[in-house]
Each structure stands twice: as structure tokens, then as C-alpha cells.
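All remarks here apply to the structure that follows.
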There are 2 protein chains.
Amino acid sequence: MSQFSEETLTLIRQELKKCIPQLSINCVIFRFDGEHLQVPIVQPVQADIWNIPGGYIYQDEGINEAAKRILFEQTEMENLLLSQFGTFGSAKREFSEEIKGYSSLSFPEDIIKHVSQRFVTIGYYSIVGQKQKDLKTGPFFREVKWVNVKETKSLALDHSNLVSEALLMLKAELQSKPLLLSFMPQTFTIPELQKLYEAILGRPVDRGNFRQRILKTKILIKVGTATKTGSRPPIVYKLDTKKYLDSLTQDMKLGF
Amino acid sequence: MSQFSEETLTLIRQELKKCIPQLSINCVIFRFDGEHLQVPIVQPVQADIWNIPGGYIYQDEGINEAAKRILFEQTEMENLLLSQFGTFGSAKREFSEEIKGYSSLSFPEDIIKHVSQRFVTIGYYSIVGQKQKDLKTGPFFREVKWVNVKETKSLALDHSNLVSEALLMLKAELQSKPLLLSFMPQTFTIPELQKLYEAILGRPVDRGNFRQRILKTKILIKVGTATKTGSRPPIVYKLDTKKYLDSLTQDMKLGF
DNA sequence: TCAAAAGTGTTATAAATACACCCATGC
DNA sequence: GCATGGGTGTATTTATAACACTTTTGA
């Protein structure tokens, strides 16, 4: 019945027993590929569905640590600043019968029953630069990949709603913090940064005004000039990391 | 050993079994008595400690509904808009040995063990007007009372931290929403409202500017003039409820 | 030399802030 | 009439937004 060996199943049962029941964590990670805002999604082995990366919390582990661990296990991303955007737990928040049916091809009844209980999930989000190393997923997942946030309507459970909620939080944060800079690669230009803003906000912003406000923060350091651009080459900047971190703790108005 | 009858204990065990384990909800409710910002705290029967009101989530109940139910059971407050301010779950988030000791005077070992596991808690907050009817607590609590937020340092667990976090959220909300109006009684004056702002923000604000900004929102309706004041009597207003609710959904800048 | 994209500056408007002044009341 | 607190207006500064002009590059 199961595609896994009895040893593996025993291991899974032990793992599940070490975790807080009925409570999960999901991580919505945003990146910007220069054109679109994207999030990673994973496909579990037992069903033909796609999920936001997520998992369970060990009994001897804080929830923030759990979020970091889970994200690393499923995508190999690490060293991100993960922040909560909300906790979700309507009474009927569980997998559909259809998915439970699929899953029973891979796992025995007791495991299915455990993981398809009603779950409350804590949502975390973060943002990463473009030049993130390739995603690699862990055991029990077939694949992990980036998809545009606009193409997340068909995720399992309420995961598409999690993406929307995380995005709302991100927009709100943009108003008071120069957060977006975390999105950018080591060096970047202001027009690139502007495209990112526009992708998140969903509307165009004025070029001149954008420049002025970003430069006023004084958290960019000029490092050179781009080449081979077909038009006037933009100035290349890097982050003044110290000033950037300071600016995250105070709040500065940076809204658009 | 226990001060409760065997029937009561059985009832408690049944209740606990109907709930999600290791997950709780706590509600931080703010009110303003004209001078200080206050929150209700409760004292459980089994220990000489004070808590933020809180409890567990039934298996067939959404977390938002649970928050409302729990708050009503422990304080009889109802019909408030409860919003999440965060979820808290460090690895060592559990009662101290000392409190477990106290508790064992009231409850048998199995119940103590269940409720003093490591818990993750979802924090909800809300604000109420001054003329709230008296608080009344439920079974398993000795007392409920309002205390100034500045006097919440000695609450059990991390509850004093929950108050700080809820207050941070409240401050942030003030920047974009005229939330504070929920705090006020049916009718009130602008100087009263200003005191509230100052209490939450922790600093004085300019009288003239405050007036202008509040009136610009057009959500106040003049209903008369105060009397017997020892100085010029302030104008008494009430809320234009419809406009107020509208203003909460859109965001208007109202920051100080 | 022209289009395209980047960089820069100017101006108009609106918002935030700091005050100054007047008003109504009780003593 | 005067101290007290409330109501109102105004001037200054600062932020936001709209837009025009210049610069640099590749074709």
C-alpha cells in the first residue's frame, strides 16, 4: 500500500510524535526576478498538489526557530529575517477528502489521519534577493519552484490566501521601512529598485521622486556605473549595511 | 487533595479533551479611564497569580470565534472587534515549578500536567469605551479587575510582554486609523480624546493641530456643550457611526 | 543624430508643525 | 478681572506630486 519502507514510516511516526499537534508554520518568501514578484512552492510526494513550504514545531523548539528550520529543510534558504503576518485557524481548516484519498496511496491510515487533522497555522514571511542560490527541497517533497504571486490561486488548503495576506503585510511595511533593499542583489541600480516597488505596490511611481526619496535615506553607496545598456548607463549602488539595519529599527517615512 | 468535586474534575477533563492541545489564546483589552490606559486581568482559583484573560480553542471552533468566547467567559465583555497582534511560542513558554506547586493544591496531577505543558499562544487585542459595564468573571477565576498598563510587570508567564506587544500594535494602528474613537463613551469632548491619544502615544500633542485633524475626518457630530467646568466649557460630540466604520476600512492618514 | 532610459532640477500643492490670539466659565 | 482650559486662525516648514529638462549610451 505504501511506497515507503517500514523503517521510513517508523521514522515519520517518531518525528510527528516530537511535534506539537494541530499547529503548523507556513513560510511565504518573496523574491523579485526583475519583472515579477514570486514565491517558492513545494510539491509533496503523496499528492499532486502544491503548497507553501510549511511544517510542524518540535516540542523543544521556539516557533521562530521552527520557521527557520522548516524553510531550510524544504528550500535550503537560510539567514533570512522571518516575520509573522498572522495566524490562521478557521474551524474547517483541513485537507479535502480528495487529497486525503490521494495521500493514502503513499502513507498508511494512521499517518494520514494525523497530518490531515484540523490545523492552525502561523504565517511567516520574508524577502530575498534575486541572486539567491538555487532552491533544493528535502525528503517527502518532489519539487520546489518559484512561481509568480499572480499564479498562486490553485494552491492547496488556504495557501493562496496566505500569499495574499503576506503581500498585504509587505505593502504595509513598505510605507515605513526601506525593506525592499533586502530584495536586491549585492549591487543594483535605482531603476531596478523602482521596478521592485512597482511590482509590490501594483502601480507605477514617478522616477524622479523615487530617486530623491531613496537617496535621501543615505543608505546607498555608489560603486560604479553599468555598461552596455543601449541607453544612458545607470549608476550602480550597494547597501550601506549598517545604516540600513539602523533604519529598520527606527521608523522613517518612506511611503509611496 | 483537590478543592473540587469529582464531578467538576470530570467536567474539566472533558472540556480539555475537546480543545486543541498546547495552543491557547490571550486577549489584551484596552480601555481609557480618562487618565490611564488599562487592561483587565484575571486571577485563577488555583494560584495566587494574575493573568491576561485567556483559554483554549475547541476542535470545532475557529480561532477568532474562540477569542470572543474566551473573553466573554472570563470578563463578560462582548461585541468587540478583536484583532491579532502576534503569536508567541518560545520553547520554554510554560509555568514555573513554583506555580505548578501552588496549582497542585487545587487540581490533581493529570490536569496540572495538561495545562502546564509548553503552550503557544495567539494574542488578540481590542479597545473598549469607558462606560463598559462592570466586569464579571467565570468559574475557575477568583476575580477580574482593570489595572493600568504600567502596572502589569508582575503578570504570570510572559503576559506582561503580551501587553507591551499589544500596545505597540495599537500605536501603529493609530497612525492610519481613527481607532481611538472606539475607546470613548457615547458622547465626549475633543480634549478628552486628546488625553487618550497622549496616553497611548506616551507624549503630548499640540491642542490646535489635534482638533483640526480630528474634525477634518468629519466623523464627529456636535451634540451640545458641557457645563460646570471651571473654565470654558468644551463642545460635546458623538460619533457618526456610519462614517466611522467606513473610515476603518479605507486607510486615512491620521498620524501624530 | 536619434531613440531610449537615466539623472537632475523646478514648481505647485498639500500636509505637519509651531504658535498666537481670542473666548467662556467659576471664583 | 483673572486664572484656567477650550476654541480658532495663521505663518513656517516640510513633504508629496507633477513634470520639464539634460545627459549618456548604442544603433
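Following the order of the C-alpha cells, first chain is A, next is B, and so on, with residues numbered from 1 inside each chain and ligands from 1 in the order they appear.
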Give me the chain A side of the contact with chain B, cut-off 9 Å, one line per residue showing its nearest atom pair and distance in Å at one decimal, counting only C-alpha atoms, sorted by chain and residue number, as JSON lines.
{"residue": "A:Ile20", "atom": "CA", "partner": "B:Gln22", "partner_atom": "CA", "distance": 7.0}
{"residue": "A:Pro21", "atom": "CA", "partner": "B:Pro21", "partner_atom": "CA", "distance": 7.2}
{"residue": "A:Gln22", "atom": "CA", "partner": "B:Ile20", "partner_atom": "CA", "distance": 7.0}
{"residue": "A:Leu23", "atom": "CA", "partner": "B:Leu23", "partner_atom": "CA", "distance": 7.7}
{"residue": "A:Tyr58", "atom": "CA", "partner": "B:Ala91", "partner_atom": "CA", "distance": 8.7}
{"residue": "A:Gln59", "atom": "CA", "partner": "B:Ala91", "partner_atom": "CA", "distance": 7.1}
{"residue": "A:Asp60", "atom": "CA", "partner": "B:Ala91", "partner_atom": "CA", "distance": 5.4}
{"residue": "A:Glu61", "atom": "CA", "partner": "B:Ala91", "partner_atom": "CA", "distance": 4.7}
{"residue": "A:Gly62", "atom": "CA", "partner": "B:Ser90", "partner_atom": "CA", "distance": 4.0}
{"residue": "A:Ile63", "atom": "CA", "partner": "B:Gly89", "partner_atom": "CA", "distance": 5.4}
{"residue": "A:Asn64", "atom": "CA", "partner": "B:Ser90", "partner_atom": "CA", "distance": 7.6}
{"residue": "A:Glu65", "atom": "CA", "partner": "B:Ser90", "partner_atom": "CA", "distance": 8.6}
{"residue": "A:Gln84", "atom": "CA", "partner": "B:Gly86", "partner_atom": "CA", "distance": 7.1}
{"residue": "A:Phe85", "atom": "CA", "partner": "B:Gly86", "partner_atom": "CA", "distance": 8.0}
{"residue": "A:Gly86", "atom": "CA", "partner": "B:Gly86", "partner_atom": "CA", "distance": 6.7}
{"residue": "A:Thr87", "atom": "CA", "partner": "B:Thr87", "partner_atom": "CA", "distance": 7.0}
{"residue": "A:Phe88", "atom": "CA", "partner": "B:Ile63", "partner_atom": "CA", "distance": 7.5}
{"residue": "A:Gly89", "atom": "CA", "partner": "B:Ile63", "partner_atom": "CA", "distance": 5.4}
{"residue": "A:Ser90", "atom": "CA", "partner": "B:Gly62", "partner_atom": "CA", "distance": 4.0}
{"residue": "A:Ala91", "atom": "CA", "partner": "B:Gly62", "partner_atom": "CA", "distance": 4.1}
{"residue": "A:Lys92", "atom": "CA", "partner": "B:Asp60", "partner_atom": "CA", "distance": 7.7}
{"residue": "A:Arg93", "atom": "CA", "partner": "B:Gly62", "partner_atom": "CA", "distance": 8.6}
{"residue": "A:Arg118", "atom": "CA", "partner": "B:Gln59", "partner_atom": "CA", "distance": 7.7}
{"residue": "A:Val120", "atom": "CA", "partner": "B:Ile63", "partner_atom": "CA", "distance": 8.2}
{"residue": "A:Ile122", "atom": "CA", "partner": "B:Thr87", "partner_atom": "CA", "distance": 7.5}
Env of Tyr237 (chain A): 7 Å cut, atoms = only C-alpha atoms (C1' of nucleotides), seq-sep filter 2 positions within chain, self excluded. Answer as a ChimeraX atom specification.
/A:187-189,220-223,235,239
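Residues from chain A that have an atom within 12 Å of chain D, counting only C-alpha atoms (C1' of nucleotides), are Val205, Asp206, Arg207, Gly208, Asn209, Phe210, Gln212, Arg213, Thr225, Ala226, Thr227, Lys228, Thr229, Gly230, Ser231, Arg232, Pro233, Pro234, Ile235, Lys253, Leu254, Gly255 and Phe256 of chain A.
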DSSP alpha helix (DSSP H) residues within region 165-242 of chain B, as a ChimeraX atom specification:
/B:165-174,190-201,207-216,241-242
Next, the residues of the selection above should be written as a short mmCIF file (atom, residue, chain, number, x, y, z; two decimals), in the first residue's frame with C-alpha atoms.
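After the write, selection12.cif holds the following:
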data_model
loop_
_atom_site.label_atom_id
_atom_site.label_comp_id
_atom_site.auth_asym_id
_atom_site.auth_seq_id
_atom_site.Cartn_x
_atom_site.Cartn_y
_atom_site.Cartn_z
CA GLU B 165 3.30 43.91 22.20
CA ALA B 166 -0.40 44.67 22.02
CA LEU B 167 0.33 48.27 22.90
CA LEU B 168 2.91 48.51 20.13
CA MET B 169 0.32 47.28 17.67
CA LEU B 170 -2.19 49.79 18.98
CA LYS B 171 0.27 52.65 18.50
CA ALA B 172 0.94 51.55 14.95
CA GLU B 173 -2.78 51.36 14.18
CA LEU B 174 -3.29 54.88 15.44
CA ILE B 190 -12.10 66.66 21.94
CA PRO B 191 -9.83 67.44 24.90
CA GLU B 192 -10.87 64.09 26.41
CA LEU B 193 -9.98 62.36 23.18
CA GLN B 194 -6.67 64.14 23.14
CA LYS B 195 -5.80 62.81 26.59
CA LEU B 196 -6.39 59.33 25.27
CA TYR B 197 -4.06 59.87 22.34
CA GLU B 198 -1.42 61.18 24.68
CA ALA B 199 -1.83 58.20 26.98
CA ILE B 200 -1.29 55.75 24.16
CA LEU B 201 1.50 57.60 22.42
CA ARG B 207 -4.02 71.04 21.02
CA GLY B 208 -4.84 73.14 17.97
CA ASN B 209 -3.47 70.68 15.47
CA PHE B 210 -5.17 67.78 17.18
CA ARG B 211 -8.56 69.48 16.94
CA GLN B 212 -8.11 70.29 13.28
CA ARG B 213 -7.13 66.82 12.28
CA ILE B 214 -9.88 65.12 14.21
CA LEU B 215 -12.53 67.47 12.83
CA LYS B 216 -11.21 67.08 9.30
CA THR B 241 -21.09 55.64 13.39
CA LYS B 242 -21.51 55.03 9.67
#
What is the distance between CA of Arg142 (chain B) and CA of Ile25 (chain B), in Å to one decimal?
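Distance reported for this atom pair: 19.7 Å.
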Compute the set of chain C residues within 6 Å of chain B, using only C-alpha atoms (C1' of nucleotides), and express it as a PDB file with N, CA and C atoms (P, O5', C5', C4', C3', O3' and C1' of nucleotides), in the first residue's frame.
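Generated file (out31.pdb):
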ATOM      1  P    DA C  24     -17.749  83.621  23.746  1.00  0.00           P
ATOM      2  O5'  DA C  24     -17.842  82.745  25.065  1.00  0.00           O
ATOM      3  C5'  DA C  24     -18.014  81.341  24.944  1.00  0.00           C
ATOM      4  C4'  DA C  24     -17.735  80.711  26.279  1.00  0.00           C
ATOM      5  C3'  DA C  24     -18.640  81.190  27.407  1.00  0.00           C
ATOM      6  O3'  DA C  24     -19.256  80.037  27.954  1.00  0.00           O
ATOM      7  C1'  DA C  24     -16.355  81.278  28.065  1.00  0.00           C
ATOM      8  P    DT C  25     -20.473  80.169  28.965  1.00  0.00           P
ATOM      9  O5'  DT C  25     -19.755  79.975  30.358  1.00  0.00           O
ATOM     10  C5'  DT C  25     -19.297  78.676  30.718  1.00  0.00           C
ATOM     11  C4'  DT C  25     -18.278  78.791  31.812  1.00  0.00           C
ATOM     12  C3'  DT C  25     -18.779  79.341  33.130  1.00  0.00           C
ATOM     13  O3'  DT C  25     -19.269  78.266  33.912  1.00  0.00           O
ATOM     14  C1'  DT C  25     -16.513  79.938  32.634  1.00  0.00           C
ATOM     15  P    DG C  26     -19.948  78.557  35.341  1.00  0.00           P
ATOM     16  O5'  DG C  26     -18.680  78.651  36.311  1.00  0.00           O
ATOM     17  C5'  DG C  26     -17.827  77.506  36.460  1.00  0.00           C
ATOM     18  C4'  DG C  26     -16.795  77.787  37.539  1.00  0.00           C
ATOM     19  C3'  DG C  26     -17.385  78.206  38.883  1.00  0.00           C
ATOM     20  O3'  DG C  26     -16.580  77.646  39.926  1.00  0.00           O
ATOM     21  C1'  DG C  26     -16.059  79.987  38.025  1.00  0.00           C
TER      22       DG C  26
END
DSSP on the backbone: which residues in region 16-249 of chain B end up as strand (DSSP E or B)? Give the answer as JSON, numbers by chain.
{"B": [19, 20, 21, 22, 23, 24, 25, 26, 27, 28, 29, 30, 31, 32, 37, 38, 39, 40, 41, 42, 43, 44, 51, 54, 55, 56, 57, 58, 83, 84, 85, 86, 87, 88, 120, 121, 122, 123, 124, 125, 126, 127, 141, 142, 143, 144, 145, 146, 147, 148, 187, 188, 189, 220, 221, 222, 223, 224, 225, 235, 236, 237, 238, 239]}
With a distance cut-off of 9 Å and only C-alpha atoms (C1' of nucleotides), select the neighbouring residues of Gln3 (chain B), excluding the residue or stretch itself and same-chain residues fewer than 4 positions from it, and output the selection as a VMD selection string.
chain B and resid 105 to 107
Could you write out the selected residues, including N, CA and C atoms, as a JSON list (two decimals), in the first residue's frame?
[["chain", "number", "residue", "atom", "x", "y", "z"],
["B", 105, "LEU", "N", -2.48, 22.20, 44.72],
["B", 105, "LEU", "CA", -3.37, 22.25, 45.87],
["B", 105, "LEU", "C", -4.82, 22.21, 45.41],
["B", 106, "SER", "N", -5.08, 22.67, 44.18],
["B", 106, "SER", "CA", -6.45, 22.75, 43.69],
["B", 106, "SER", "C", -6.82, 21.62, 42.72],
["B", 107, "PHE", "N", -5.84, 21.15, 41.97],
["B", 107, "PHE", "CA", -6.16, 20.20, 40.92],
["B", 107, "PHE", "C", -5.28, 18.96, 41.00]]
Report, in Å to a single decimal, how far apart CA of Gln38 (chain B) and CA of Gln74 (chain B) are.
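Distance reported for this atom pair: 16.6 Å.
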Calculate how many Å separate CA of Trp50 (chain B) from CA of Ser5 (chain B), rounding to one decimal.
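CA of Ser5 (chain B) lies 24.2 Å from CA of Trp50 (chain B).
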